[in-house]
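Visitor: Structure supplied as target_23.tsv; contents: TSV, C-alpha atoms.
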```
chain	number	residue	atom	x	y	z
A	1	MET	CA	-4.04	-35.61	-114.36
A	2	LYS	CA	-3.45	-34.62	-110.76
A	3	ASP	CA	-1.16	-31.68	-109.99
A	4	PHE	CA	2.50	-32.49	-109.55
A	5	ILE	CA	5.48	-30.32	-108.62
A	6	TYR	CA	7.76	-29.67	-111.57
A	7	ASN	CA	8.89	-26.05	-111.51
A	8	ASN	CA	9.27	-24.65	-107.99
A	9	MET	CA	9.23	-26.21	-104.55
A	10	TYR	CA	7.77	-23.14	-102.84
A	11	THR	CA	4.73	-22.34	-104.99
A	12	ALA	CA	1.77	-24.19	-106.42
A	13	PRO	CA	2.29	-25.85	-109.83
A	14	ALA	CA	1.74	-23.46	-112.72
A	15	PRO	CA	-0.58	-24.44	-115.61
A	16	LEU	CA	1.07	-26.96	-117.91
A	17	ILE	CA	0.26	-28.50	-121.28
A	18	ILE	CA	1.88	-31.82	-122.16
A	19	PHE	CA	1.92	-32.87	-125.80
A	20	CYS	CA	3.65	-35.53	-127.85
A	21	ASN	CA	6.47	-34.48	-130.20
A	22	PRO	CA	8.91	-37.37	-130.77
A	23	ASP	CA	11.22	-35.27	-132.95
A	24	ALA	CA	12.01	-32.95	-130.03
A	25	ALA	CA	12.56	-35.67	-127.45
A	26	ASN	CA	15.85	-35.05	-125.61
A	27	PHE	CA	15.15	-36.78	-122.31
A	28	LEU	CA	13.76	-40.12	-121.26
A	29	SER	CA	12.08	-40.55	-117.87
A	30	VAL	CA	12.17	-44.10	-116.51
A	31	ARG	CA	10.50	-45.41	-113.37
A	32	PHE	CA	11.84	-48.69	-112.01
A	33	LYS	CA	9.83	-51.16	-109.96
A	34	ALA	CA	10.06	-50.97	-106.19
A	35	ASN	CA	12.51	-53.27	-104.36
A	36	THR	CA	14.58	-53.84	-107.46
A	37	ASN	CA	18.34	-53.93	-108.03
A	38	LEU	CA	18.88	-50.38	-109.24
A	39	GLN	CA	22.44	-50.89	-110.44
A	40	THR	CA	21.46	-53.89	-112.58
A	41	ASP	CA	18.45	-52.11	-114.07
A	42	VAL	CA	20.48	-49.02	-114.92
A	43	SER	CA	23.10	-51.18	-116.65
A	44	LYS	CA	20.39	-52.90	-118.73
A	45	LEU	CA	18.90	-49.53	-119.63
A	46	GLU	CA	22.30	-48.20	-120.70
A	47	ALA	CA	22.79	-51.22	-122.99
A	48	ILE	CA	19.41	-50.65	-124.67
A	49	ILE	CA	20.03	-46.93	-125.21
A	50	LYS	CA	23.54	-47.51	-126.59
A	51	LYS	CA	22.14	-50.08	-129.00
A	52	ASP	CA	19.53	-47.67	-130.39
A	53	ASN	CA	21.64	-44.51	-130.13
A	54	PRO	CA	25.34	-45.45	-130.20
A	55	GLY	CA	26.58	-42.03	-131.25
A	56	TYR	CA	25.95	-40.35	-127.88
A	57	PRO	CA	27.03	-41.22	-124.33
A	58	VAL	CA	24.39	-42.20	-121.79
A	59	GLU	CA	23.95	-39.59	-119.07
A	60	TYR	CA	21.42	-40.03	-116.30
A	61	LYS	CA	20.27	-38.40	-113.10
A	62	PHE	CA	18.08	-39.64	-110.28
A	63	VAL	CA	14.95	-37.66	-109.49
A	64	ASP	CA	15.39	-37.92	-105.71
A	65	GLN	CA	18.89	-36.42	-105.95
A	66	GLU	CA	17.64	-33.60	-108.15
A	67	PHE	CA	14.77	-33.04	-105.72
A	68	ASP	CA	17.19	-32.85	-102.78
A	69	GLN	CA	19.04	-29.98	-104.45
A	70	TYR	CA	15.95	-27.79	-104.10
A	71	PHE	CA	16.12	-28.19	-100.32
A	72	LYS	CA	19.89	-27.91	-99.99
A	73	ALA	CA	19.61	-24.55	-98.19
A	74	GLU	CA	16.96	-25.89	-95.79
A	75	THR	CA	19.10	-28.94	-95.03
A	76	LEU	CA	22.08	-26.70	-94.21
A	77	ILE	CA	19.91	-24.46	-92.03
A	78	GLY	CA	18.64	-27.54	-90.18
A	79	LYS	CA	22.17	-28.76	-89.46
A	80	LEU	CA	23.32	-25.32	-88.29
A	81	ALA	CA	20.23	-24.98	-86.10
A	82	GLY	CA	21.03	-28.33	-84.50
A	83	VAL	CA	24.61	-27.31	-83.76
A	84	PHE	CA	23.63	-23.95	-82.26
A	85	ALA	CA	20.81	-25.56	-80.25
A	86	LEU	CA	23.29	-28.02	-78.76
A	87	LEU	CA	25.68	-25.17	-77.87
A	88	ALA	CA	22.82	-23.23	-76.27
A	89	ILE	CA	21.82	-26.28	-74.19
A	90	VAL	CA	25.40	-26.84	-73.00
A	91	ILE	CA	25.86	-23.16	-72.06
A	92	SER	CA	22.48	-23.13	-70.29
A	93	CYS	CA	23.37	-26.27	-68.34
A	94	LEU	CA	26.65	-24.72	-67.23
A	95	GLY	CA	24.78	-21.62	-66.05
A	96	LEU	CA	22.20	-23.72	-64.20
A	97	PHE	CA	24.93	-25.79	-62.57
A	98	GLY	CA	26.72	-22.66	-61.35
A	99	LEU	CA	23.48	-21.10	-60.13
A	100	ALA	CA	22.54	-24.30	-58.28
A	101	ALA	CA	25.94	-24.36	-56.56
A	102	TYR	CA	25.56	-20.71	-55.56
A	103	MET	CA	22.02	-21.20	-54.21
A	104	ALA	CA	23.04	-24.29	-52.23
A	105	GLU	CA	25.99	-22.42	-50.71
A	106	LYS	CA	23.82	-19.42	-49.89
A	107	ARG	CA	21.16	-21.53	-48.13
A	108	THR	CA	23.59	-23.73	-46.18
A	109	LYS	CA	22.27	-22.80	-42.74
A	110	GLU	CA	18.65	-23.09	-43.85
A	111	ILE	CA	19.37	-26.60	-45.14
A	112	GLY	CA	21.01	-27.54	-41.82
A	113	ILE	CA	18.09	-26.23	-39.76
A	114	ARG	CA	15.51	-28.01	-41.91
A	115	LYS	CA	17.43	-31.29	-41.65
A	116	VAL	CA	17.67	-30.98	-37.87
A	117	LEU	CA	13.90	-30.42	-37.75
A	118	GLY	CA	13.37	-33.68	-39.67
A	119	ALA	CA	13.32	-32.75	-43.35
A	120	SER	CA	14.19	-35.68	-45.66
A	121	ALA	CA	16.90	-35.59	-48.31
A	122	ALA	CA	14.33	-36.00	-51.07
A	123	GLY	CA	12.24	-33.15	-49.65
A	124	MET	CA	15.29	-30.88	-49.45
A	125	ALA	CA	16.26	-31.72	-53.03
A	126	ALA	CA	12.72	-30.93	-54.18
A	127	LEU	CA	12.78	-27.63	-52.26
A	128	LEU	CA	16.04	-26.57	-53.88
A	129	SER	CA	14.92	-27.67	-57.36
A	130	LYS	CA	11.56	-25.86	-57.16
A	131	ASP	CA	13.03	-22.44	-57.95
A	132	PHE	CA	14.83	-23.73	-61.02
A	133	LEU	CA	11.72	-25.48	-62.31
A	134	LEU	CA	9.83	-22.22	-61.94
A	135	LEU	CA	12.45	-20.37	-63.99
A	136	VAL	CA	12.43	-23.03	-66.72
A	137	SER	CA	8.61	-23.01	-66.81
A	138	ILE	CA	8.55	-19.22	-67.20
A	139	SER	CA	11.12	-19.41	-70.00
A	140	CYS	CA	8.98	-22.02	-71.79
A	141	VAL	CA	5.88	-19.85	-71.51
A	142	ILE	CA	7.80	-16.96	-73.10
A	143	ALA	CA	9.64	-19.00	-75.74
A	144	PHE	CA	6.85	-21.23	-77.07
A	145	PRO	CA	4.61	-18.49	-78.55
A	146	VAL	CA	7.65	-16.88	-80.19
A	147	ALA	CA	8.78	-20.25	-81.60
A	148	LEU	CA	5.25	-20.99	-82.86
A	149	TRP	CA	5.09	-17.63	-84.65
A	150	LEU	CA	8.53	-18.03	-86.22
A	151	MET	CA	7.83	-21.60	-87.36
A	152	HIS	CA	4.45	-20.63	-88.81
A	153	LYS	CA	6.00	-17.69	-90.66
A	154	TRP	CA	8.75	-19.92	-92.08
A	155	LEU	CA	6.29	-22.60	-93.22
A	156	LEU	CA	4.25	-20.02	-95.10
A	157	ASP	CA	7.05	-19.91	-97.69
A	158	PHE	CA	6.08	-23.43	-98.78
A	159	GLU	CA	2.96	-24.25	-100.76
A	160	TYR	CA	2.89	-27.76	-99.32
A	161	ARG	CA	3.68	-27.79	-95.61
A	162	ILE	CA	3.10	-29.72	-92.43
A	163	ALA	CA	0.92	-28.62	-89.53
A	164	ILE	CA	2.57	-27.62	-86.26
A	165	ARG	CA	1.44	-30.07	-83.59
A	166	TRP	CA	0.89	-29.05	-79.97
A	167	TRP	CA	2.73	-32.08	-78.62
A	168	ILE	CA	6.01	-30.77	-80.08
A	169	PHE	CA	5.99	-27.92	-77.57
A	170	PHE	CA	4.86	-30.22	-74.76
A	171	ALA	CA	7.77	-32.57	-75.51
A	172	ALA	CA	10.22	-29.65	-75.73
A	173	GLY	CA	9.04	-28.29	-72.37
A	174	ALA	CA	9.27	-31.71	-70.72
A	175	LEU	CA	12.76	-32.20	-72.14
A	176	ALA	CA	13.85	-28.74	-70.92
A	177	ILE	CA	12.57	-29.50	-67.39
A	178	LEU	CA	14.26	-32.91	-67.42
A	179	ILE	CA	17.59	-31.40	-68.52
A	180	ALA	CA	17.30	-28.72	-65.82
A	181	LEU	CA	16.57	-31.33	-63.15
A	182	LEU	CA	19.49	-33.50	-64.21
A	183	THR	CA	21.77	-30.46	-64.24
A	184	VAL	CA	20.90	-29.22	-60.74
A	185	SER	CA	20.34	-32.65	-59.16
A	186	CYS	CA	24.03	-33.09	-58.39
A	187	GLN	CA	24.20	-29.91	-56.34
A	188	THR	CA	20.78	-30.27	-54.73
A	189	PHE	CA	21.35	-33.83	-53.53
A	190	LYS	CA	24.86	-32.94	-52.38
A	191	ALA	CA	23.43	-30.14	-50.28
A	192	ALA	CA	20.50	-32.27	-49.06
A	193	LEU	CA	22.79	-35.12	-47.94
A	194	SER	CA	25.35	-32.87	-46.23
A	195	ASN	CA	25.99	-33.10	-42.48
A	196	PRO	CA	23.66	-30.60	-40.72
A	197	VAL	CA	26.28	-29.99	-38.01
A	198	LYS	CA	28.74	-28.68	-40.58
A	199	SER	CA	25.95	-26.65	-42.18
A	200	LEU	CA	25.08	-24.93	-38.91
A	201	ARG	CA	28.73	-24.16	-38.17
A	202	THR	CA	29.12	-22.40	-41.53
A	203	GLU	CA	29.57	-18.65	-41.22
```
Show how you would write the structure in this file as structure tokens.
Guide:
Amino acid sequence: MKDFIYNNMYTAPAPLIIFCNPDAANFLSVRFKANTNLQTDVSKLEAIIKKDNPGYPVEYKFVDQEFDQYFKAETLIGKLAGVFALLAIVISCLGLFGLAAYMAEKRTKEIGIRKVLGASAAGMAALLSKDFLLLVSISCVIAFPVALWLMHKWLLDFEYRIAIRWWIFFAAGALAILIALLTVSCQTFKAALSNPVKSLRTE
């Protein structure tokens, strides 16, 4: 028969011999049909077993629940990673927002002069956002190879594993740029739409 996982989730199945010995049978494996009423089928199975073996209680476990126990640690790590990733995004957005406010304040006169010379609000917003996009792009270039190496190293612990697709990093980079743009857009558009007369009067 084809290989199947029965002993360890992280290694290949070890050699196994299956033989028939009814006298040593302690467990019964049952596979129900798909799209069936599980509760009804389990009740029917309990009635049959109690009829043939009334001296012992019926105890059962579901294979999917037992299988999930093997990955309990990975599930917990995934949840913790999600929480810390969300915290990191929030902290990064706060830093970007503060940096955008500082840059807009620092370039107040430049913004006023450019607007007097005919620069559009959209062009000014793009000019102010360009520096932040450059920083986010550089951080992606540094982070992606490190993330790829760490993910590959982690997946090596599993005998059966998925392949790391390139589009995951592309999507992550696009999402990071989008979040950065949304974070700084408030400050950039506020600065771009400000009155150039007030900007030029600023000391």
Visitor: Which one is closest to A:Asp68: A:Met124, A:Ala47, A:Ala14, A:Met9? Count all atoms listed in the file.
Guide: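 Checking each candidate against A:Asp68, we get A:Met9 as the closest.
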Visitor: For atom CA of A:Leu178 and atom CA of A:Met151, quote the distance in Å rounded to one decimal.
Guide: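 Atom-to-atom, atom CA of A:Leu178 and atom CA of A:Met151 are spaced 23.8 Å apart.
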Visitor: Fewer than 4 positions away in the same chain doesn't count, so skip those; otherwise give me all residues within 8 Å of A:Gln187, counting only C-alpha atoms, as JSON, numbers by chain.
Guide: {"A": [97, 100, 101, 104, 191]}
Visitor: When distances are computed from all atoms listed in the file, which of A:Phe67, A:Tyr56, A:Tyr160, A:Phe132 shows the smallest separation from A:Cys93?
Guide: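 Counting all atoms listed in the file, the residue closest to A:Cys93 is A:Phe132.
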Visitor: Kindly indicate which residue among A:Glu74, A:Leu182, A:Leu28, A:Arg114 lies nearest to A:Leu155, using all atoms listed in the file for the distances.
Guide: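 Closest to A:Leu155, using all atoms listed in the file: A:Glu74.
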Visitor: For atom CA of A:Leu94 and atom CA of A:Thr183, determine how far apart the two atoms are, in Å to one decimal place.
Guide: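 Between atom CA of A:Leu94 and atom CA of A:Thr183 the gap works out to 8.1 Å.
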Visitor: Quick one: residues within 9 Å of A:Val136, all atoms listed in the file, excluding same-chain residues fewer than 2 positions away - as a ChimeraX atom specification?
Guide: /A:131-134,138-141,173,176-177,180
Visitor: Just the residues within 8 Å of A:Pro13, please, counting all atoms listed in the file, with nothing from its chain fewer than 6 positions along; format it as a list of chain:residue names.
Guide: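 Residues meeting the cut-off are A:Asp3, A:Phe4, A:Ile5, A:Tyr6, A:Asn7.
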Visitor: Pull C-alpha atoms from the residues just selected and write them as a compact mmCIF listing (two decimals), in the coordinates of the input.
Guide:
```txt
# COMPACT_ATOMS: atom_id res chain seq x y z
CA ASP A 3 -1.16 -31.68 -109.99
CA PHE A 4 2.50 -32.49 -109.55
CA ILE A 5 5.48 -30.32 -108.62
CA TYR A 6 7.76 -29.67 -111.57
CA ASN A 7 8.89 -26.05 -111.51
```
Visitor: Go ahead and compute the interatomic distance for atom CA of A:Lys44 and atom CA of A:Ile18, in Å to one decimal.
Guide: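 A separation of 28.3 Å between them.
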Visitor: Please determine, counting only C-alpha atoms, which residue among A:Val30, A:Ala163, A:Ala172, A:Val184 has the shortest atom-to-atom distance to A:Ser129.
Guide: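 Of all the options, A:Val184 lies closest to A:Ser129.
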Visitor: Under the rule that all atoms listed in the file are counted, which of A:Ala125, A:Ala143, A:Ile17, A:Ile113 is the nearest residue to A:Cys186?
Guide: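 Result for the nearest residue to A:Cys186: A:Ala125.
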Visitor: Generate the coordinates of N, CA, C and O atoms for stretch 84-110 of chain A; report them as a compact mmCIF listing (two decimals), keeping the file's coordinate frame.
Guide:
```txt
# COMPACT_ATOMS: atom_id res chain seq x y z
N PHE A 84 23.79 -25.09 -83.16
CA PHE A 84 23.63 -23.95 -82.26
C PHE A 84 22.69 -24.29 -81.09
O PHE A 84 22.87 -23.77 -79.98
N ALA A 85 21.69 -25.13 -81.34
CA ALA A 85 20.81 -25.56 -80.25
C ALA A 85 21.59 -26.36 -79.21
O ALA A 85 21.40 -26.19 -78.00
N LEU A 86 22.47 -27.23 -79.69
CA LEU A 86 23.29 -28.02 -78.76
C LEU A 86 24.21 -27.12 -77.94
O LEU A 86 24.37 -27.31 -76.73
N LEU A 87 24.83 -26.13 -78.59
CA LEU A 87 25.68 -25.17 -77.87
C LEU A 87 24.88 -24.40 -76.83
O LEU A 87 25.35 -24.18 -75.71
N ALA A 88 23.67 -23.98 -77.21
CA ALA A 88 22.82 -23.23 -76.27
C ALA A 88 22.45 -24.09 -75.06
O ALA A 88 22.44 -23.61 -73.92
N ILE A 89 22.17 -25.38 -75.30
CA ILE A 89 21.82 -26.28 -74.19
C ILE A 89 23.01 -26.46 -73.25
O ILE A 89 22.86 -26.43 -72.02
N VAL A 90 24.20 -26.65 -73.83
CA VAL A 90 25.40 -26.84 -73.00
C VAL A 90 25.68 -25.60 -72.16
O VAL A 90 25.95 -25.68 -70.95
N ILE A 91 25.60 -24.42 -72.79
CA ILE A 91 25.86 -23.16 -72.06
C ILE A 91 24.80 -22.96 -70.97
O ILE A 91 25.12 -22.54 -69.84
N SER A 92 23.54 -23.28 -71.29
CA SER A 92 22.48 -23.13 -70.29
C SER A 92 22.68 -24.08 -69.11
O SER A 92 22.47 -23.70 -67.96
N CYS A 93 23.11 -25.30 -69.42
CA CYS A 93 23.37 -26.27 -68.34
C CYS A 93 24.51 -25.82 -67.44
O CYS A 93 24.45 -25.98 -66.22
N LEU A 94 25.54 -25.25 -68.04
CA LEU A 94 26.65 -24.72 -67.23
C LEU A 94 26.18 -23.59 -66.33
O LEU A 94 26.57 -23.51 -65.15
N GLY A 95 25.33 -22.71 -66.86
CA GLY A 95 24.78 -21.62 -66.05
C GLY A 95 23.90 -22.14 -64.93
O GLY A 95 23.97 -21.66 -63.79
N LEU A 96 23.06 -23.14 -65.24
CA LEU A 96 22.20 -23.72 -64.20
C LEU A 96 23.02 -24.41 -63.12
O LEU A 96 22.71 -24.31 -61.93
N PHE A 97 24.08 -25.10 -63.54
CA PHE A 97 24.93 -25.79 -62.57
C PHE A 97 25.59 -24.79 -61.62
O PHE A 97 25.62 -24.99 -60.41
N GLY A 98 26.10 -23.69 -62.18
CA GLY A 98 26.72 -22.66 -61.35
C GLY A 98 25.71 -21.99 -60.43
O GLY A 98 26.00 -21.73 -59.25
N LEU A 99 24.52 -21.73 -60.95
CA LEU A 99 23.48 -21.10 -60.13
C LEU A 99 23.02 -22.03 -59.01
O LEU A 99 22.78 -21.58 -57.88
N ALA A 100 22.93 -23.33 -59.31
CA ALA A 100 22.54 -24.30 -58.28
C ALA A 100 23.59 -24.37 -57.18
O ALA A 100 23.26 -24.45 -55.98
N ALA A 101 24.86 -24.34 -57.55
CA ALA A 101 25.94 -24.36 -56.56
C ALA A 101 25.90 -23.11 -55.68
O ALA A 101 26.08 -23.18 -54.46
N TYR A 102 25.64 -21.98 -56.31
CA TYR A 102 25.56 -20.71 -55.56
C TYR A 102 24.38 -20.72 -54.60
O TYR A 102 24.52 -20.31 -53.43
N MET A 103 23.20 -21.18 -55.06
CA MET A 103 22.02 -21.20 -54.21
C MET A 103 22.20 -22.17 -53.04
O MET A 103 21.78 -21.89 -51.91
N ALA A 104 22.82 -23.32 -53.31
CA ALA A 104 23.04 -24.29 -52.23
C ALA A 104 24.00 -23.74 -51.19
O ALA A 104 23.82 -23.93 -49.98
N GLU A 105 25.02 -23.03 -51.64
CA GLU A 105 25.99 -22.42 -50.71
C GLU A 105 25.34 -21.31 -49.89
O GLU A 105 25.60 -21.15 -48.70
N LYS A 106 24.47 -20.55 -50.55
CA LYS A 106 23.82 -19.42 -49.89
C LYS A 106 22.82 -19.88 -48.83
O LYS A 106 22.62 -19.20 -47.81
N ARG A 107 22.20 -21.05 -49.04
CA ARG A 107 21.16 -21.53 -48.13
C ARG A 107 21.69 -22.67 -47.24
O ARG A 107 20.93 -23.54 -46.83
N THR A 108 22.97 -22.65 -46.96
CA THR A 108 23.59 -23.73 -46.18
C THR A 108 22.96 -23.86 -44.79
O THR A 108 22.60 -24.96 -44.36
N LYS A 109 22.84 -22.75 -44.09
CA LYS A 109 22.27 -22.80 -42.74
C LYS A 109 20.81 -23.20 -42.76
O LYS A 109 20.34 -23.95 -41.89
N GLU A 110 20.06 -22.71 -43.75
CA GLU A 110 18.65 -23.09 -43.85
C GLU A 110 18.51 -24.60 -44.06
O GLU A 110 17.65 -25.24 -43.44
```
